[in-house]
$ cat upload_9.cif   # mmCIF, C-alpha atoms
data_input
loop_
_atom_site.label_atom_id
_atom_site.label_comp_id
_atom_site.auth_asym_id
_atom_site.auth_seq_id
_atom_site.Cartn_x
_atom_site.Cartn_y
_atom_site.Cartn_z
CA MET A 197 45.21 29.74 -10.02
CA ALA A 198 45.81 32.78 -7.97
CA LEU A 199 42.12 33.22 -7.23
CA GLN A 200 41.20 31.87 -3.80
CA GLU A 201 38.15 29.56 -3.71
CA PRO A 202 35.51 30.79 -1.24
CA THR A 203 35.45 29.12 2.18
CA ALA A 204 32.59 27.01 3.46
CA LEU A 205 31.14 29.90 5.42
CA GLU A 206 31.37 32.27 2.46
CA ARG A 207 29.66 29.69 0.23
CA PHE A 208 26.87 29.30 2.77
CA VAL A 209 26.26 33.03 3.16
CA ASN A 210 26.55 33.77 -0.56
CA GLY A 211 23.81 31.29 -1.41
CA ILE A 212 21.23 32.98 0.77
CA LEU A 213 21.27 36.58 -0.46
CA PRO A 214 24.43 37.86 -2.22
CA GLU A 215 24.22 35.13 -4.89
CA ASN A 216 20.56 34.19 -4.42
CA PRO A 217 19.75 31.58 -7.07
CA VAL A 218 16.50 33.26 -8.15
CA TYR A 219 17.07 36.97 -7.49
CA ARG A 220 20.77 37.22 -8.40
CA GLN A 221 21.41 34.30 -10.76
CA LEU A 222 17.94 33.91 -12.31
CA LEU A 223 18.22 30.11 -12.08
CA GLY A 224 15.39 27.65 -11.43
CA MET A 225 12.79 29.83 -13.11
CA CYS A 226 10.51 26.90 -13.98
CA PRO A 227 9.59 25.92 -10.40
CA THR A 228 9.78 29.58 -9.36
CA LEU A 229 6.96 30.43 -11.72
CA ALA A 230 5.04 27.17 -11.74
CA VAL A 231 4.58 26.06 -8.13
CA THR A 232 4.41 29.35 -6.22
CA GLY A 233 0.61 29.69 -6.36
CA GLY A 234 0.58 28.70 -2.68
CA MET A 235 3.02 28.27 0.20
CA LYS A 236 2.46 24.52 0.57
CA PRO A 237 3.48 23.47 -2.95
CA ALA A 238 6.27 26.08 -2.96
CA MET A 239 7.80 24.79 0.28
CA THR A 240 7.44 21.15 -0.78
CA MET A 241 9.28 22.04 -3.97
CA ALA A 242 11.95 23.89 -1.98
CA ALA A 243 12.43 20.87 0.29
CA ALA A 244 12.62 18.42 -2.62
CA THR A 245 15.13 20.66 -4.41
CA ALA A 246 17.19 21.00 -1.22
CA PHE A 247 17.26 17.21 -0.80
CA VAL A 248 18.50 16.74 -4.37
CA LEU A 249 20.98 19.63 -4.24
CA ILE A 250 22.55 18.61 -0.94
CA SER A 251 22.79 14.93 -1.90
CA ALA A 252 24.20 15.67 -5.36
CA ASN A 253 26.74 18.20 -4.04
CA VAL A 254 28.01 15.82 -1.36
CA ILE A 255 28.35 12.85 -3.74
CA ILE A 256 30.03 14.92 -6.46
CA SER A 257 32.43 16.41 -3.95
CA LEU A 258 33.32 12.94 -2.64
CA ILE A 259 34.17 11.65 -6.11
CA ARG A 260 35.62 14.90 -7.44
CA GLY A 261 39.11 13.39 -7.63
CA LEU A 262 37.85 10.71 -10.01
CA LEU A 263 36.00 13.03 -12.39
CA ARG A 264 37.31 13.47 -15.94
CA PRO A 265 36.54 16.76 -17.71
CA HIS A 266 34.71 15.21 -20.65
CA LEU A 267 32.61 12.92 -18.43
CA ARG A 268 31.76 15.25 -15.59
CA ILE A 269 28.43 16.57 -16.90
CA LEU A 270 27.29 12.99 -17.49
CA VAL A 271 28.15 12.09 -13.90
CA PHE A 272 26.37 15.23 -12.58
CA THR A 273 23.20 14.46 -14.53
CA LEU A 274 23.23 10.81 -13.54
CA THR A 275 23.57 11.72 -9.86
CA ILE A 276 20.91 14.43 -9.98
CA ALA A 277 18.43 12.25 -11.87
CA THR A 278 18.83 9.48 -9.31
CA PHE A 279 18.07 11.72 -6.36
CA VAL A 280 15.15 13.40 -8.15
CA THR A 281 13.61 9.99 -8.78
CA ILE A 282 14.03 9.13 -5.10
CA ALA A 283 12.41 12.46 -4.11
CA ASP A 284 9.53 11.84 -6.52
CA ARG A 285 8.87 8.34 -5.15
CA LEU A 286 9.09 9.58 -1.54
CA LEU A 287 6.51 12.30 -2.24
CA ALA A 288 4.18 9.84 -3.96
CA ALA A 289 4.45 7.47 -1.00
CA TYR A 290 4.23 9.90 1.93
CA LEU A 291 2.69 13.13 0.57
CA TYR A 292 0.41 11.67 -2.06
CA GLN A 293 -1.93 14.68 -2.45
CA MET A 294 1.01 17.08 -2.72
CA SER A 295 2.70 14.84 -5.24
CA LYS A 296 -0.47 14.94 -7.35
CA GLU A 297 -0.61 18.72 -7.03
CA LEU A 298 3.02 19.21 -8.09
CA GLY A 299 2.53 16.76 -10.97
CA PRO A 300 5.32 16.97 -13.56
CA TYR A 301 7.28 19.64 -11.67
CA VAL A 302 8.97 17.11 -9.37
CA PRO A 303 10.60 15.12 -12.20
CA LEU A 304 11.50 18.47 -13.75
CA ILE A 305 13.87 19.20 -10.83
CA ILE A 306 16.38 17.22 -12.93
CA VAL A 307 16.66 20.17 -15.32
CA ASN A 308 16.86 22.82 -12.62
CA CYS A 309 20.11 24.60 -13.60
CA LEU A 310 20.66 25.63 -9.99
CA ILE A 311 21.70 22.08 -9.09
CA ILE A 312 24.03 21.33 -11.99
CA SER A 313 25.60 24.77 -11.65
CA ARG A 314 26.48 24.11 -7.99
CA CYS A 315 27.99 20.73 -8.92
CA GLU A 316 30.08 22.47 -11.57
CA ILE A 317 31.02 25.62 -9.66
CA CYS A 318 31.53 24.27 -6.18
CA ALA A 319 31.19 20.53 -5.54
CA SER A 320 33.52 19.35 -8.31
CA LYS A 321 36.28 21.65 -7.02
CA GLN A 322 35.95 21.81 -3.22
CA GLY A 323 35.77 19.49 -0.23
CA VAL A 324 32.69 17.81 1.21
CA ALA A 325 32.13 20.30 4.03
CA THR A 326 32.30 23.28 1.67
CA ALA A 327 30.09 21.55 -0.92
CA ALA A 328 27.53 20.69 1.74
CA SER A 329 27.42 24.19 3.20
CA ASP A 330 27.20 25.62 -0.32
CA ALA A 331 24.23 23.35 -1.04
CA VAL A 332 22.51 24.28 2.23
CA GLY A 333 23.04 28.01 1.61
CA MET A 334 21.76 27.80 -1.96
CA SER A 335 18.78 25.70 -0.84
CA LEU A 336 17.90 28.30 1.78
CA GLY A 337 18.23 31.07 -0.81
CA PHE A 338 16.00 29.14 -3.21
CA ALA A 339 13.43 28.43 -0.48
CA LEU A 340 13.44 32.10 0.51
CA ALA A 341 12.86 33.18 -3.09
CA LEU A 342 10.03 30.68 -3.60
CA ALA A 343 8.49 31.73 -0.28
CA SER A 344 8.55 35.40 -1.27
CA LEU A 345 6.69 34.75 -4.52
CA ALA A 346 4.31 32.26 -2.96
CA THR A 347 3.46 34.64 -0.11
CA VAL A 348 2.50 37.46 -2.47
CA ARG A 349 0.58 35.18 -4.80
CA GLU A 350 -1.27 33.14 -2.20
CA VAL A 351 -2.24 36.09 0.00
CA LEU A 352 -3.48 38.25 -2.86
CA GLY A 353 -4.89 35.38 -4.89
CA THR A 354 -6.79 33.43 -2.26
CA GLY A 355 -6.56 35.53 0.93
CA THR A 356 -4.70 32.71 2.71
CA TRP A 357 -1.14 31.84 3.75
CA PHE A 358 -0.23 28.16 4.12
CA GLY A 359 -3.96 27.55 3.74
CA LEU A 360 -4.84 29.71 6.75
CA ALA A 361 -7.09 32.73 6.22
CA VAL A 362 -5.10 35.96 6.67
CA LEU A 363 -7.28 38.48 4.85
CA PRO A 364 -10.91 39.25 5.77
CA GLN A 365 -13.70 37.38 4.01
CA SER A 366 -14.53 40.57 2.11
CA TRP A 367 -11.21 40.36 0.21
CA PRO A 368 -12.03 39.85 -3.49
CA ASN A 369 -9.54 37.08 -4.37
CA TRP A 370 -7.36 38.24 -7.22
CA GLY A 371 -7.71 35.05 -9.25
CA ILE A 372 -5.02 36.15 -11.68
CA MET A 373 -2.38 35.94 -8.95
CA VAL A 374 -2.61 32.15 -8.71
CA LEU A 375 -2.64 31.79 -12.51
CA PRO A 376 0.51 31.90 -14.67
CA PRO A 377 0.24 35.65 -15.46
CA GLY A 378 0.31 36.34 -11.72
CA ALA A 379 3.57 34.39 -11.48
CA PHE A 380 5.23 36.50 -14.17
CA LEU A 381 3.90 39.78 -12.76
CA THR A 382 5.01 38.93 -9.22
CA LEU A 383 8.45 37.72 -10.31
CA GLY A 384 9.04 40.81 -12.44
CA LEU A 385 8.00 43.21 -9.70
CA LEU A 386 9.95 41.41 -6.97
CA LEU A 387 13.07 41.20 -9.17
CA GLY A 388 12.79 44.92 -9.85
CA LEU A 389 12.37 45.60 -6.15
CA ALA A 390 15.37 43.42 -5.21
CA GLU A 391 17.53 45.13 -7.83
CA TRP A 392 16.41 48.59 -6.70
CA VAL A 393 17.18 47.83 -3.05
CA GLY A 394 20.52 46.31 -4.05
CA GLN A 395 21.54 49.33 -6.08
CA LYS A 396 20.55 51.73 -3.32
CA ARG A 397 22.64 49.77 -0.85
CA ARG A 398 25.65 49.60 -3.13
CA SER A 399 25.59 53.32 -3.92
CA GLY A 400 25.11 54.09 -0.21
CA VAL A 401 28.29 52.29 0.83
CA MET B 247 49.96 9.97 -27.12
CA ASN B 248 48.79 7.92 -30.13
CA ASP B 249 45.18 6.99 -30.94
CA THR B 250 45.21 3.51 -29.43
CA GLN B 251 46.56 4.80 -26.16
CA LYS B 252 43.95 7.56 -26.17
CA GLN B 253 41.14 5.08 -26.73
CA ARG B 254 42.36 2.84 -23.96
CA GLY B 255 42.50 5.92 -21.77
CA TYR B 256 38.86 6.83 -22.48
CA ILE B 257 37.64 3.34 -21.71
CA SER B 258 39.52 3.19 -18.44
CA GLN B 259 38.11 6.61 -17.54
CA ALA B 260 34.53 5.49 -18.12
CA TRP B 261 34.64 2.99 -15.29
CA LEU B 262 33.30 5.62 -12.90
CA VAL B 263 30.21 6.26 -15.03
CA ILE B 264 29.54 2.54 -15.36
CA LEU B 265 30.01 1.91 -11.66
CA LEU B 266 27.81 4.86 -10.70
CA ALA B 267 25.09 3.77 -13.12
CA LEU B 268 25.06 0.33 -11.52
CA LEU B 269 25.04 1.71 -7.98
CA TYR B 270 22.31 4.26 -8.71
CA GLY B 271 20.28 1.67 -10.59
CA GLY B 272 20.48 -0.63 -7.59
CA ALA B 273 19.54 2.17 -5.22
CA LEU B 274 16.50 3.10 -7.33
CA ALA B 275 15.40 -0.53 -7.53
CA GLY B 276 15.60 -0.62 -3.74
CA VAL B 277 13.56 2.56 -3.39
CA GLN B 278 10.92 1.30 -5.80
CA THR B 279 10.66 -2.06 -4.04
CA THR B 280 10.25 -0.35 -0.67
CA LEU B 281 7.88 2.44 -1.71
CA GLY B 282 6.03 0.89 -4.68
CA PRO B 283 3.40 -0.96 -2.62
CA LYS B 284 2.82 2.16 -0.49
CA ILE B 285 2.23 4.29 -3.61
CA ALA B 286 -0.16 1.74 -5.13
CA GLU B 287 -1.99 1.64 -1.80
CA ASN B 288 -2.33 5.46 -1.80
CA LYS B 289 -4.06 5.31 -5.19
CA LYS B 290 -6.36 2.54 -4.08
CA ASN B 291 -7.17 4.34 -0.81
CA GLU B 292 -8.16 7.42 -2.74
CA THR B 293 -10.46 5.32 -4.91
CA TYR B 294 -12.11 3.68 -1.88
CA ASN B 295 -12.44 7.01 -0.10
CA VAL B 296 -14.44 8.57 -2.90
CA ILE B 297 -16.72 5.59 -3.52
CA PRO B 298 -19.28 6.81 -0.92
CA LEU B 299 -19.36 10.15 -2.77
CA LEU B 300 -19.95 8.46 -6.10
CA VAL B 301 -22.58 5.96 -5.06
CA PRO B 302 -24.96 7.24 -2.35
CA GLY B 303 -25.17 4.88 0.60
CA ALA B 304 -22.06 2.89 -0.30
CA ASP B 305 -19.74 1.80 2.47
CA LYS B 306 -16.07 1.62 1.57
CA THR B 307 -15.34 -1.30 3.83
CA LYS B 308 -18.06 -3.41 2.19
CA THR B 309 -17.18 -2.46 -1.36
CA VAL B 310 -15.42 -5.15 -3.40
CA GLU B 311 -13.28 -5.10 -6.50
CA LEU B 312 -14.34 -7.42 -9.35
CA PRO B 313 -12.68 -8.33 -12.63
CA VAL B 314 -14.75 -7.76 -15.76
CA THR B 315 -14.16 -8.14 -19.49
CA ASP B 316 -15.47 -5.26 -21.58
CA ILE B 317 -17.13 -5.66 -24.99
CA ASP B 318 -13.78 -5.26 -26.73
CA GLY B 319 -12.44 -8.22 -24.76
CA LYS B 320 -10.23 -6.06 -22.56
CA ARG B 321 -9.97 -7.13 -18.94
CA GLN B 322 -10.37 -4.49 -16.32
CA ARG B 323 -11.62 -3.94 -12.79
CA VAL B 324 -14.81 -2.44 -11.45
CA TYR B 325 -15.90 -1.77 -7.89
CA LYS B 326 -19.16 -3.21 -6.61
CA ALA B 327 -20.47 -0.67 -4.11
CA VAL B 328 -22.27 -2.23 -1.16
CA SER B 329 -24.03 -0.39 1.69
CA ALA B 330 -23.24 -0.89 5.37
CA ASP B 331 -26.18 -3.30 5.72
CA GLY B 332 -24.96 -5.42 2.82
CA LYS B 333 -27.27 -4.11 0.08
CA HIS B 334 -25.82 -3.74 -3.40
CA VAL B 335 -26.22 -0.03 -4.19
CA GLY B 336 -24.16 0.58 -7.32
CA TRP B 337 -20.96 0.35 -9.27
CA VAL B 338 -17.82 2.41 -9.69
CA LEU B 339 -15.93 2.17 -12.98
CA PRO B 340 -12.38 3.41 -13.34
CA ALA B 341 -11.92 4.91 -16.82
CA ASP B 342 -9.29 6.93 -18.56
CA GLY B 343 -8.60 8.63 -21.88
CA GLN B 344 -6.80 11.48 -23.56
CA GLY B 345 -7.62 15.00 -22.38
CA PHE B 346 -6.37 18.32 -23.69
CA ALA B 347 -2.95 18.08 -22.02
CA ASP B 348 -2.49 14.53 -20.78
CA ARG B 349 -4.51 11.48 -19.86
CA ILE B 350 -7.51 12.03 -17.62
CA GLU B 351 -8.35 9.31 -15.08
CA LEU B 352 -11.96 9.17 -13.91
CA LEU B 353 -14.09 7.18 -11.52
CA ILE B 354 -17.72 6.88 -12.63
CA GLY B 355 -20.44 6.02 -10.13
CA LEU B 356 -23.49 4.11 -11.38
CA ASP B 357 -26.65 2.80 -9.71
CA ALA B 358 -27.13 -0.94 -9.16
CA SER B 359 -29.01 -1.47 -12.44
CA VAL B 360 -26.40 0.47 -14.44
CA SER B 361 -29.08 2.83 -15.77
CA THR B 362 -28.16 6.16 -14.11
CA ILE B 363 -24.90 7.95 -13.37
CA THR B 364 -24.71 8.69 -9.65
CA GLY B 365 -21.42 10.59 -9.53
CA LEU B 366 -18.14 11.41 -11.21
CA TYR B 367 -14.66 11.91 -9.75
CA VAL B 368 -11.42 12.98 -11.40
CA LEU B 369 -8.61 10.79 -10.06
CA ASP B 370 -5.83 12.36 -12.12
CA GLN B 371 -5.58 15.14 -14.69
CA LYS B 372 -3.03 17.65 -15.93
CA GLU B 373 -5.37 20.03 -17.78
CA THR B 374 -4.61 23.75 -18.08
CA PRO B 375 -4.58 25.38 -14.63
CA GLY B 376 -7.35 27.95 -14.38
CA LEU B 377 -9.38 26.55 -17.29
CA GLY B 378 -9.42 22.82 -17.97
CA ASN B 379 -8.48 21.81 -14.44
CA PHE B 380 -12.01 22.87 -13.38
CA ILE B 381 -13.14 19.46 -14.66
CA SER B 382 -12.18 18.38 -11.13
CA GLY B 383 -14.54 20.97 -9.68
CA GLU B 384 -17.85 20.07 -8.08
CA ALA B 385 -19.86 22.34 -10.40
CA PHE B 386 -18.74 20.61 -13.57
CA ARG B 387 -18.82 17.05 -12.21
CA ALA B 388 -22.28 17.47 -10.68
CA GLN B 389 -23.75 17.89 -14.16
CA PHE B 390 -23.17 14.19 -14.82
CA THR B 391 -25.15 13.05 -11.78
CA GLY B 392 -28.59 11.73 -12.72
CA LYS B 393 -27.79 11.29 -16.42
CA SER B 394 -29.14 8.16 -18.07
CA THR B 395 -26.78 5.53 -19.43
CA ASP B 396 -29.19 4.73 -22.30
CA GLU B 397 -27.84 7.38 -24.59
CA PRO B 398 -24.48 9.14 -24.77
CA ILE B 399 -23.92 12.44 -23.01
CA THR B 400 -23.54 15.41 -25.34
CA VAL B 401 -21.66 18.60 -24.54
CA VAL B 402 -23.20 21.98 -25.41
CA THR B 403 -21.65 25.43 -25.12
CA PHE B 404 -24.63 27.30 -23.72
CA ASP B 405 -25.93 27.49 -20.19
CA PRO B 406 -28.14 25.92 -18.95
CA ALA B 407 -28.08 22.77 -21.06
CA SER B 408 -31.70 22.00 -22.00
CA GLY B 409 -31.65 18.44 -23.41
CA ILE B 410 -32.02 15.36 -21.26
CA ASN B 411 -28.46 14.08 -21.59
CA GLU B 412 -26.70 17.37 -22.19
CA ILE B 413 -24.06 19.04 -20.08
CA THR B 414 -22.60 22.54 -20.42
CA ALA B 415 -18.93 22.76 -21.35
CA LEU B 416 -16.52 24.70 -19.13
CA SER B 417 -15.98 28.06 -20.72
CA GLY B 418 -12.49 28.21 -22.23
CA ALA B 419 -12.06 24.46 -21.87
CA THR B 420 -14.34 22.86 -24.46
CA ILE B 421 -11.78 20.18 -25.33
CA SER B 422 -11.29 19.15 -21.68
CA SER B 423 -15.09 19.03 -21.24
CA ASP B 424 -15.57 16.99 -24.43
CA SER B 425 -12.80 14.62 -23.36
CA VAL B 426 -14.46 13.90 -20.01
CA ALA B 427 -17.82 13.26 -21.70
CA ALA B 428 -16.16 11.00 -24.28
CA ILE B 429 -14.35 8.97 -21.61
CA VAL B 430 -17.60 8.55 -19.65
CA ASN B 431 -19.56 7.59 -22.77
CA SER B 432 -17.08 5.00 -23.96
CA ALA B 433 -16.61 3.47 -20.51
CA ILE B 434 -20.36 3.10 -20.08
CA GLU B 435 -20.85 1.72 -23.57
CA ASN B 436 -18.04 -0.81 -23.17
CA LEU B 437 -18.96 -1.97 -19.68
CA LYS B 438 -22.71 -1.56 -19.31
CA GLY B 439 -23.49 -5.00 -20.80
CA PRO B 440 -20.70 -6.92 -19.04
CA ILE B 441 -21.59 -5.39 -15.66
CA ARG B 442 -25.27 -6.22 -16.04
CA GLU B 443 -24.19 -9.82 -16.63
CA LEU B 444 -22.13 -9.70 -13.44
CA ARG B 445 -25.29 -8.71 -11.61
CA ILE B 446 -27.08 -11.87 -12.71
CA THR B 447 -24.18 -14.06 -11.60
CA PRO B 448 -22.77 -11.92 -8.80
CA ARG B 449 -19.89 -14.25 -7.93
CA GLY B 450 -18.76 -14.20 -11.55
CA ARG B 451 -16.02 -16.09 -13.25
CA GLY B 452 -12.47 -15.44 -12.19
CA GLY B 453 -11.76 -14.00 -8.83
#
$ encode --input "upload_9.cif" --output "structure tokens"
Amino acid sequence: MALQEPTALERFVNGILPENPVYRQLLGMCPTLAVTGGMKPAMTMAAATAFVLISANVIISLIRGLLRPHLRILVFTLTIATFVTIADRLLAAYLYQMSKELGPYVPLIIVNCLIISRCEICASKQGVATAASDAVGMSLGFALALASLATVREVLGTGTWFGLAVLPQSWPNWGIMVLPPGAFLTLGLLLGLAEWVGQKRRSGV
Amino acid sequence: MNDTQKQRGYISQAWLVILLALLYGGALAGVQTTLGPKIAENKKNETYNVIPLLVPGADKTKTVELPVTDIDGKRQRVYKAVSADGKHVGWVLPADGQGFADRIELLIGLDASVSTITGLYVLDQKETPGLGNFISGEAFRAQFTGKSTDEPITVVTFDPASGINEITALSGATISSDSVAAIVNSAIENLKGPIRELRITPRGRGG
């Protein structure tokens, strides 16, 4: 192939903004909508996803020479499911309340397309260092996206950020923001904003 | 390449999947063995922490867990709530049943004679956020406090509930509200008799 694979640094940078998993690739919509009612659950989800993504990318990259085309998806899923189960058990043991709050969304990390797509696009083709920096970049991009939604929703919905009061007591909490409709409204508006800013920048250059 | 060669090729390629499955399985077994007791302890701690809220005057360090057989012959555990000065002040029954979305796990506080409900706590639920999940809220749970165990609790859809053993359903979450009442009713019906027997012979059979 004539096409040059991106370097480790490019992979890392791309994951954060240019190829942001949520804003540019529209991947991982389930946690993006479901657990961004507050910063705490959103950041716990981002950390759990990062743990799974980094571990899966490194393992897949290490065994990439042994992968066979017709078995690769099976190996990806097996690896991801294992690390998700470990993350789920760790949360239940050390962050019990948070694990109760996230409920079924932790086991659902298994079906987060972000992770399997990185295994397919990057880890199964490139070396460990590149795969790891790709995973870290994508994890940061995902965390950033979740944080942006969670900030809007938590501040407007409950007047707090990370549980700390940021708006005056007189703020009438917009209950809808922490409910599912608030997630869709916020995501739609933020996506539109990101696209608008992106287009302006592209046409400006 | 003929078919036999192809087949042999596939089998020899699958070794990686088999090896990984074994390795991952072993790793998960290790994780579960290490963290399992910690997770079980978290659940139990939560139960003990809410016992003073469910039975007024109870002290969590004095409270003991007892085995009991319900009227259907099913073995289960109840908590005998004891105050700091050693007085028996009530009981806490763990109970669970189907809700609107998933199983609801409750803890029901009762007075020492098993005649009045003294509190209700939702240990686990996955009801609809914004509607059914308010069964965990203080306002809904408080309605159960003070209800008699002599007759079942009924759920009504007007506010305030007027009858002696009536509670008002959460608006928009009638099924979740009914489910909680049904779980409470069946737990009390199944365990009221057996627990009263425990009271007569406090250091009951089994241990």
$ resolve_selection --input "upload_9.cif" --expression "the PyMOL selection byres ((chain A) within 7 of (chain B))" --output "list in words"
Val271, Thr278, Ile282, Arg285, Ala288, Ala289, Tyr292 and Leu375 of chain A
$ atom_distance --input "upload_9.cif" --atom1 "atom CA of Val430 of chain B" --atom2 "atom CA of Gln389 of chain B"
12.5 Å
$ closest_residue --input "upload_9.cif" --among "A:Ile255, A:Gly299, A:Val307, A:Leu291" --to "Thr273 of chain A" --atoms "all atoms listed in the file"
A:Val307
$ atom_distance --input "upload_9.cif" --atom1 "atom CA of Thr354 of chain A" --atom2 "atom CA of Ala390 of chain A"
24.5 Å
$ resolve_selection --input "upload_9.cif" --expression "the PyMOL selection byres ((chain B and resi 373) around 12)" --output "PyMOL selection string"
(chain A and resi 297+299-300) or (chain B and resi 344-351+368+370-372+374-382+418-423+425-426)
$ closest_atom_pairs --input "upload_9.cif" --of "segment 267-350 of chain A" --to "segment 202-210 of chain A" --cutoff "10 Å" --atoms "all atoms listed in the file" --output "JSON lines"
{"residue": "A:Cys318", "atom": "CA", "partner": "A:Arg207", "partner_atom": "CA", "distance": 8.6}
{"residue": "A:Gln322", "atom": "CA", "partner": "A:Thr203", "partner_atom": "CA", "distance": 9.1}
{"residue": "A:Gly323", "atom": "CA", "partner": "A:Ala204", "partner_atom": "CA", "distance": 9.0}
{"residue": "A:Val324", "atom": "CA", "partner": "A:Ala204", "partner_atom": "CA", "distance": 9.5}
{"residue": "A:Ala325", "atom": "CA", "partner": "A:Ala204", "partner_atom": "CA", "distance": 6.7}
{"residue": "A:Thr326", "atom": "CA", "partner": "A:Ala204", "partner_atom": "CA", "distance": 4.1}
{"residue": "A:Ala327", "atom": "CA", "partner": "A:Ala204", "partner_atom": "CA", "distance": 7.4}
{"residue": "A:Ala328", "atom": "CA", "partner": "A:Ala204", "partner_atom": "CA", "distance": 8.3}
{"residue": "A:Ser329", "atom": "CA", "partner": "A:Phe208", "partner_atom": "CA", "distance": 5.2}
{"residue": "A:Asp330", "atom": "CA", "partner": "A:Arg207", "partner_atom": "CA", "distance": 4.8}
{"residue": "A:Ala331", "atom": "CA", "partner": "A:Phe208", "partner_atom": "CA", "distance": 7.5}
{"residue": "A:Val332", "atom": "CA", "partner": "A:Phe208", "partner_atom": "CA", "distance": 6.7}
{"residue": "A:Gly333", "atom": "CA", "partner": "A:Phe208", "partner_atom": "CA", "distance": 4.2}
{"residue": "A:Met334", "atom": "CA", "partner": "A:Phe208", "partner_atom": "CA", "distance": 7.1}
{"residue": "A:Ser335", "atom": "CA", "partner": "A:Phe208", "partner_atom": "CA", "distance": 9.6}
{"residue": "A:Leu336", "atom": "CA", "partner": "A:Phe208", "partner_atom": "CA", "distance": 9.1}
{"residue": "A:Gly337", "atom": "CA", "partner": "A:Asn210", "partner_atom": "CA", "distance": 8.8}
$ closest_residue --input "upload_9.cif" --among "B:Leu339, B:Leu300, B:Val328, B:Ala407" --to "Asp316 of chain B" --atoms "all atoms listed in the file"
B:Leu339
$ axis_aligned_box --input "upload_9.cif" --around "segment 309-322 of chain A" --padding-each-side "4 Å" --output "JSON"
{"center_x": 28.2, "center_y": 22.5, "center_z": -8.4, "size_x": 24.2, "size_y": 14.3, "size_z": 18.4}
$ closest_residue --input "upload_9.cif" --among "A:Ser320, A:Gln293, A:Thr347, A:Thr281" --to "Val374 of chain A" --atoms "only C-alpha atoms"
A:Thr347
$ atom_distance --input "upload_9.cif" --atom1 "atom CA of Ile363 of chain B" --atom2 "atom CA of Gly392 of chain B"
5.3 Å
$ resolve_selection --input "upload_9.cif" --expression "the PyMOL selection byres ((chain A and resi 383) around 12)" --output "number ranges by chain"
A: 218-219, 222, 225-230, 232-233, 341-349, 373, 376-382, 384-391
$ closest_residue --input "upload_9.cif" --among "A:Gln365, A:Asn308, A:Ser313, A:Gln395" --to "Ile256 of chain A" --atoms "only C-alpha atoms"
A:Ser313
$ decode --input "upload_9.cif" --residues "segment 285-294 of chain B" --atoms "N, CA, C and O atoms" --output "CSV table (one decimal), in the first residue's frame"
chain,number,residue,atom,x,y,z
B,285,ILE,N,-16.7,-7.0,47.1
B,285,ILE,CA,-18.0,-6.6,46.6
B,285,ILE,C,-19.2,-7.0,47.5
B,285,ILE,O,-20.1,-6.3,47.8
B,286,ALA,N,-19.1,-8.3,47.9
B,286,ALA,CA,-20.1,-8.8,48.8
B,286,ALA,C,-20.2,-8.0,50.1
B,286,ALA,O,-21.2,-7.6,50.6
B,287,GLU,N,-19.0,-7.6,50.6
B,287,GLU,CA,-18.9,-6.8,51.8
B,287,GLU,C,-19.5,-5.4,51.6
B,287,GLU,O,-20.2,-4.9,52.5
B,288,ASN,N,-19.3,-4.8,50.4
B,288,ASN,CA,-19.9,-3.5,50.1
B,288,ASN,C,-21.4,-3.6,50.2
B,288,ASN,O,-22.0,-2.7,50.8
B,289,LYS,N,-22.0,-4.6,49.7
B,289,LYS,CA,-23.5,-4.8,49.7
B,289,LYS,C,-23.9,-4.9,51.2
B,289,LYS,O,-24.9,-4.3,51.6
B,290,LYS,N,-23.2,-5.7,51.9
B,290,LYS,CA,-23.6,-6.0,53.3
B,290,LYS,C,-23.4,-4.7,54.1
B,290,LYS,O,-24.3,-4.3,55.0
B,291,ASN,N,-22.3,-3.9,53.9
B,291,ASN,CA,-22.1,-2.7,54.6
B,291,ASN,C,-23.2,-1.7,54.3
B,291,ASN,O,-23.7,-1.0,55.3
B,292,GLU,N,-23.7,-1.6,53.1
B,292,GLU,CA,-24.8,-0.7,52.8
B,292,GLU,C,-26.0,-1.1,53.6
B,292,GLU,O,-26.7,-0.3,54.2
B,293,THR,N,-26.3,-2.4,53.6
B,293,THR,CA,-27.4,-2.9,54.4
B,293,THR,C,-27.3,-2.5,55.9
B,293,THR,O,-28.2,-1.9,56.5
B,294,TYR,N,-26.1,-2.7,56.5
B,294,TYR,CA,-25.9,-2.4,57.9
B,294,TYR,C,-26.0,-0.9,58.1
B,294,TYR,O,-26.5,-0.4,59.1
